[in-house]
file model10.cif (mmCIF, C-alpha atoms and all ligand atoms; chains and numbers go by the auth columns)
data_run
#
loop_
_atom_site.group_PDB
_atom_site.id
_atom_site.type_symbol
_atom_site.label_atom_id
_atom_site.label_comp_id
_atom_site.label_asym_id
_atom_site.label_seq_id
_atom_site.Cartn_x
_atom_site.Cartn_y
_atom_site.Cartn_z
_atom_site.B_iso_or_equiv
_atom_site.auth_seq_id
_atom_site.auth_asym_id
ATOM 1 C CA MET A 1 -36.313 -41.030 9.559 0.00 1 N
ATOM 2 C CA ALA A 2 -37.512 -37.484 8.989 0.00 2 N
ATOM 3 C CA ASP A 3 -39.757 -36.508 6.126 0.00 3 N
ATOM 4 C CA MET A 4 -37.974 -34.920 3.198 0.00 4 N
ATOM 5 C CA CYS A 5 -39.085 -31.866 1.303 0.00 5 N
ATOM 6 C CA PRO A 6 -39.882 -32.894 -2.279 0.00 6 N
ATOM 7 C CA ASN A 7 -38.640 -29.496 -3.444 0.00 7 N
ATOM 8 C CA CYS A 8 -35.130 -29.207 -2.014 0.00 8 N
ATOM 9 C CA GLY A 9 -34.580 -32.710 -0.638 0.00 9 N
ATOM 10 C CA LEU A 10 -33.775 -31.506 2.882 0.00 10 N
ATOM 11 C CA PRO A 11 -35.479 -32.842 5.996 0.00 11 N
ATOM 12 C CA LEU A 12 -38.622 -30.796 6.577 0.00 12 N
ATOM 13 C CA GLU A 13 -37.261 -29.199 9.748 0.00 13 N
ATOM 14 C CA LEU A 14 -34.367 -27.737 7.744 0.00 14 N
ATOM 15 C CA CYS A 15 -36.362 -26.838 4.660 0.00 15 N
ATOM 16 C CA VAL A 16 -36.842 -23.143 3.937 0.00 16 N
ATOM 17 C CA CYS A 17 -38.804 -23.464 0.679 0.00 17 N
ATOM 18 C CA LYS A 18 -41.995 -22.123 2.215 0.00 18 N
ATOM 19 C CA VAL A 19 -40.163 -19.155 3.704 0.00 19 N
ATOM 20 C CA LEU A 20 -38.369 -18.422 0.449 0.00 20 N
ATOM 21 C CA ASP A 21 -41.664 -18.615 -1.397 0.00 21 N
ATOM 22 C CA ARG A 22 -43.119 -15.907 0.728 0.00 22 N
ATOM 23 C CA GLU A 23 -40.054 -13.730 0.496 0.00 23 N
ATOM 24 C CA THR A 24 -39.824 -13.969 -3.256 0.00 24 N
ATOM 25 C CA GLU A 25 -43.502 -13.284 -3.788 0.00 25 N
ATOM 26 C CA ASN A 26 -43.842 -10.353 -6.168 0.00 26 N
ATOM 27 C CA LYS A 27 -40.096 -9.909 -6.227 0.00 27 N
ATOM 28 C CA ILE A 28 -39.002 -8.798 -9.636 0.00 28 N
ATOM 29 C CA LYS A 29 -35.492 -9.383 -10.903 0.00 29 N
ATOM 30 C CA ILE A 30 -33.963 -7.486 -13.777 0.00 30 N
ATOM 31 C CA TYR A 31 -30.635 -8.480 -15.258 0.00 31 N
ATOM 32 C CA ALA A 32 -28.777 -8.385 -18.537 0.00 32 N
ATOM 33 C CA LYS A 33 -27.733 -11.513 -20.336 0.00 33 N
ATOM 34 C CA LYS A 34 -25.552 -12.192 -23.349 0.00 34 N
ATOM 35 C CA ALA A 35 -27.592 -13.321 -26.295 0.00 35 N
ATOM 36 C CA LYS A 36 -26.519 -14.668 -29.651 0.00 36 N
ATOM 37 C CA PHE A 37 -24.142 -12.740 -31.870 0.00 37 N
ATOM 38 C CA ASP A 38 -22.708 -10.708 -28.984 0.00 38 N
ATOM 39 C CA LYS A 39 -26.001 -8.973 -28.388 0.00 39 N
ATOM 40 C CA VAL A 40 -27.300 -8.262 -24.926 0.00 40 N
ATOM 41 C CA MET A 41 -30.814 -8.834 -23.709 0.00 41 N
ATOM 42 C CA THR A 42 -32.544 -7.633 -20.601 0.00 42 N
ATOM 43 C CA VAL A 43 -34.385 -10.296 -18.648 0.00 43 N
ATOM 44 C CA VAL A 44 -37.258 -9.537 -16.283 0.00 44 N
ATOM 45 C CA GLU A 45 -38.219 -12.294 -13.860 0.00 45 N
ATOM 46 C CA GLY A 46 -41.015 -12.449 -11.365 0.00 46 N
ATOM 47 C CA ILE A 47 -43.926 -10.968 -13.274 0.00 47 N
ATOM 48 C CA SER A 48 -46.973 -13.134 -12.664 0.00 48 N
ATOM 49 C CA SER A 49 -48.319 -14.990 -15.670 0.00 49 N
ATOM 50 C CA ASP A 50 -51.518 -12.927 -15.555 0.00 50 N
ATOM 51 C CA ASP A 51 -49.498 -9.778 -16.069 0.00 51 N
ATOM 52 C CA ILE A 52 -46.727 -10.938 -18.310 0.00 52 N
ATOM 53 C CA GLU A 53 -48.302 -10.261 -21.711 0.00 53 N
ATOM 54 C CA ARG A 54 -49.473 -6.800 -20.766 0.00 54 N
ATOM 55 C CA THR A 55 -46.178 -5.942 -19.111 0.00 55 N
ATOM 56 C CA THR A 56 -44.163 -7.105 -22.105 0.00 56 N
ATOM 57 C CA LYS A 57 -46.281 -4.942 -24.392 0.00 57 N
ATOM 58 C CA GLU A 58 -45.819 -1.896 -22.179 0.00 58 N
ATOM 59 C CA LEU A 59 -42.078 -2.400 -21.902 0.00 59 N
ATOM 60 C CA LYS A 60 -41.617 -2.843 -25.650 0.00 60 N
ATOM 61 C CA LYS A 61 -43.578 0.314 -26.284 0.00 61 N
ATOM 62 C CA ALA A 62 -41.848 2.389 -23.615 0.00 62 N
ATOM 63 C CA LEU A 63 -38.353 1.193 -24.467 0.00 63 N
ATOM 64 C CA ALA A 64 -38.918 1.010 -28.213 0.00 64 N
ATOM 65 C CA CYS A 65 -37.288 -2.392 -28.409 0.00 65 N
ATOM 66 C CA GLY A 66 -38.199 -5.907 -29.349 0.00 66 N
ATOM 67 C CA GLY A 67 -39.171 -8.355 -26.677 0.00 67 N
ATOM 68 C CA THR A 68 -40.862 -11.635 -25.920 0.00 68 N
ATOM 69 C CA ALA A 69 -42.889 -12.960 -23.032 0.00 69 N
ATOM 70 C CA ARG A 70 -41.556 -16.384 -22.158 0.00 70 N
ATOM 71 C CA GLU A 71 -42.726 -18.773 -19.532 0.00 71 N
ATOM 72 C CA GLY A 72 -42.015 -16.983 -16.273 0.00 72 N
ATOM 73 C CA HIS A 73 -39.902 -14.169 -17.642 0.00 73 N
ATOM 74 C CA ILE A 74 -39.645 -11.425 -20.206 0.00 74 N
ATOM 75 C CA GLU A 75 -36.769 -10.996 -22.633 0.00 75 N
ATOM 76 C CA LEU A 76 -36.084 -7.572 -24.076 0.00 76 N
ATOM 77 C CA GLN A 77 -33.563 -6.861 -26.775 0.00 77 N
ATOM 78 C CA GLY A 78 -30.756 -4.595 -25.677 0.00 78 N
ATOM 79 C CA GLU A 79 -29.584 -3.402 -22.297 0.00 79 N
ATOM 80 C CA HIS A 80 -32.421 -1.543 -20.568 0.00 80 N
ATOM 81 C CA LYS A 81 -32.046 -2.521 -16.944 0.00 81 N
ATOM 82 C CA MET A 82 -32.557 0.865 -15.323 0.00 82 N
ATOM 83 C CA ASP A 83 -35.195 1.995 -17.814 0.00 83 N
ATOM 84 C CA THR A 84 -37.080 -1.248 -17.321 0.00 84 N
ATOM 85 C CA LYS A 85 -37.202 -0.590 -13.604 0.00 85 N
ATOM 86 C CA LYS A 86 -38.529 2.910 -14.194 0.00 86 N
ATOM 87 C CA VAL A 87 -41.249 1.686 -16.534 0.00 87 N
ATOM 88 C CA LEU A 88 -42.305 -1.068 -14.134 0.00 88 N
ATOM 89 C CA ALA A 89 -42.474 1.433 -11.281 0.00 89 N
ATOM 90 C CA LYS A 90 -44.618 3.695 -13.408 0.00 90 N
ATOM 91 C CA MET A 91 -46.904 0.759 -14.156 0.00 91 N
ATOM 92 C CA GLY A 92 -47.491 0.340 -10.435 0.00 92 N
ATOM 93 C CA PHE A 93 -44.994 -2.343 -9.482 0.00 93 N
ATOM 94 C CA LYS A 94 -43.431 -1.595 -6.133 0.00 94 N
ATOM 95 C CA GLU A 95 -39.971 -0.183 -6.649 0.00 95 N
ATOM 96 C CA SER A 96 -38.650 -1.746 -3.461 0.00 96 N
ATOM 97 C CA ASN A 97 -39.579 -5.160 -4.881 0.00 97 N
ATOM 98 C CA ILE A 98 -37.568 -4.649 -8.027 0.00 98 N
ATOM 99 C CA ASP A 99 -33.979 -5.861 -7.938 0.00 99 N
ATOM 100 C CA VAL A 100 -31.630 -4.766 -10.665 0.00 100 N
ATOM 101 C CA THR A 101 -28.483 -6.845 -10.824 0.00 101 N
HETATM 102 ZN ZN ZN B . -37.670 -27.617 0.807 0.00 201 N
#

call {"tool": "encode", "arguments": {"input": "model10.cif", "output": "structure tokens", "more": "lines below"}}
Ligand SMILES: [Zn+2]
result
Amino acid sequence: MADMCPNCGLPLELCVCKVLDRETENKIKIYAKKAKFDKVMTVVEGISSDDIERTTKELKKALACGGTAREGHIELQGEHKMDTKKVLAKMGFKESNIDVT
């Protein structure tokens, strides 16, 4: 019986968790999401926890919107997907690592 990956439950020889980990390292995802009362929020995933407070502050200032740093992601009020990417790039995040969906 093969060993199973505790993460995905597949046999270790089929498991790609380690590979995915490496590929998603420093990958930032930006997408819009419906919030309460028909409002839209912009979600930023992939900012490391060391950076998340500072990044949230910068984004709120640059976009002049409300926002919150949550565990593992940032929520900004309103739809700012493209502007968020621009601000992050300006802050030094690699543009090619930023996915806007
Ligand atoms: Zn796995």

call {"tool": "atom_distance", "arguments": {"input": "model10.cif", "atom1": "CA of Ser49 (chain N)", "atom2": "CA of Ala69 (chain N)"}}
result
9.4 Å

call {"tool": "atom_distance", "arguments": {"input": "model10.cif", "atom1": "CA of Thr101 (chain N)", "atom2": "CA of Glu79 (chain N)"}}
result
12.0 Å

call {"tool": "atom_distance", "arguments": {"input": "model10.cif", "atom1": "CA of Tyr31 (chain N)", "atom2": "CA of Thr84 (chain N)"}}
result
9.9 Å

call {"tool": "closest_atom_pairs", "arguments": {"input": "model10.cif", "of": "chain N", "to": "ligand ZN 201 (chain N)", "cutoff": "7 Å", "atoms": "all atoms listed in the file", "output": "CSV"}}
result
residue,atom,partner,partner_atom,distance
N:Cys5,CA,N:ZN201,ZN,4.5
N:Pro6,CA,N:ZN201,ZN,6.5
N:Asn7,CA,N:ZN201,ZN,4.7
N:Cys8,CA,N:ZN201,ZN,4.1
N:Gly9,CA,N:ZN201,ZN,6.1
N:Leu10,CA,N:ZN201,ZN,5.9
N:Leu12,CA,N:ZN201,ZN,6.7
N:Cys15,CA,N:ZN201,ZN,4.1
N:Val16,CA,N:ZN201,ZN,5.5
N:Cys17,CA,N:ZN201,ZN,4.3

call {"tool": "closest_residue", "arguments": {"input": "model10.cif", "among": "N:Met4, N:Val100, N:Asp38, N:Leu14", "to": "Lys81 (chain N)", "atoms": "all atoms listed in the file"}}
result
N:Val100

call {"tool": "axis_aligned_box", "arguments": {"input": "model10.cif", "around": "region 71-74 of chain N", "padding_each_side": "8 Å", "output": "AutoDock Vina command-line options"}}
result
--center_x -41.2 --center_y -15.1 --center_z -18.2 --size_x 19.1 --size_y 23.3 --size_z 19.9

call {"tool": "residues_around", "arguments": {"input": "model10.cif", "residues": "Lys39 (chain N)", "least_positions_apart": "6", "cutoff": "10 Å", "atoms": "all atoms listed in the file", "output": "list in words"}}
result
Lys33, Gln77, Gly78 and Glu79 of chain N

call {"tool": "resolve_selection", "arguments": {"input": "model10.cif", "expression": "the PyMOL selection byres (((chain N and resi 99) around 12) and not hetatm)", "output": "list in words"}}
result
Thr24, Asn26, Lys27, Ile28, Lys29, Ile30, Tyr31, Val43, Val44, Glu45, Gly46, Lys81, Met82, Thr84, Lys85, Lys86, Leu88, Ala89, Phe93, Lys94, Glu95, Ser96, Asn97, Ile98, Val100 and Thr101 of chain N

call {"tool": "write_last_selection", "arguments": {"input": "model10.cif", "atoms": "C-alpha atoms", "output": "PDB file, keeping the file's coordinate frame"}}
result
ATOM      1  CA  THR N  24     -39.824 -13.969  -3.256  1.00  0.00           C
ATOM      2  CA  ASN N  26     -43.842 -10.353  -6.168  1.00  0.00           C
ATOM      3  CA  LYS N  27     -40.096  -9.909  -6.227  1.00  0.00           C
ATOM      4  CA  ILE N  28     -39.002  -8.798  -9.636  1.00  0.00           C
ATOM      5  CA  LYS N  29     -35.492  -9.383 -10.903  1.00  0.00           C
ATOM      6  CA  ILE N  30     -33.963  -7.486 -13.777  1.00  0.00           C
ATOM      7  CA  TYR N  31     -30.635  -8.480 -15.258  1.00  0.00           C
ATOM      8  CA  VAL N  43     -34.385 -10.296 -18.648  1.00  0.00           C
ATOM      9  CA  VAL N  44     -37.258  -9.537 -16.283  1.00  0.00           C
ATOM     10  CA  GLU N  45     -38.219 -12.294 -13.860  1.00  0.00           C
ATOM     11  CA  GLY N  46     -41.015 -12.449 -11.365  1.00  0.00           C
ATOM     12  CA  LYS N  81     -32.046  -2.521 -16.944  1.00  0.00           C
ATOM     13  CA  MET N  82     -32.557   0.865 -15.323  1.00  0.00           C
ATOM     14  CA  THR N  84     -37.080  -1.248 -17.321  1.00  0.00           C
ATOM     15  CA  LYS N  85     -37.202  -0.590 -13.604  1.00  0.00           C
ATOM     16  CA  LYS N  86     -38.529   2.910 -14.194  1.00  0.00           C
ATOM     17  CA  LEU N  88     -42.305  -1.068 -14.134  1.00  0.00           C
ATOM     18  CA  ALA N  89     -42.474   1.433 -11.281  1.00  0.00           C
ATOM     19  CA  PHE N  93     -44.994  -2.343  -9.482  1.00  0.00           C
ATOM     20  CA  LYS N  94     -43.431  -1.595  -6.133  1.00  0.00           C
ATOM     21  CA  GLU N  95     -39.971  -0.183  -6.649  1.00  0.00           C
ATOM     22  CA  SER N  96     -38.650  -1.746  -3.461  1.00  0.00           C
ATOM     23  CA  ASN N  97     -39.579  -5.160  -4.881  1.00  0.00           C
ATOM     24  CA  ILE N  98     -37.568  -4.649  -8.027  1.00  0.00           C
ATOM     25  CA  VAL N 100     -31.630  -4.766 -10.665  1.00  0.00           C
ATOM     26  CA  THR N 101     -28.483  -6.845 -10.824  1.00  0.00           C
TER      27      THR N 101
END

call {"tool": "closest_residue", "arguments": {"input": "model10.cif", "among": "N:Thr55, N:Ser48, N:Thr68, N:Thr42", "to": "His80 (chain N)", "atoms": "only C-alpha atoms"}}
result
N:Thr42

call {"tool": "closest_residue", "arguments": {"input": "model10.cif", "among": "N:Gly72, N:Val87, N:Asp3, N:Ile47", "to": "Leu59 (chain N)", "atoms": "only C-alpha atoms"}}
result
N:Val87
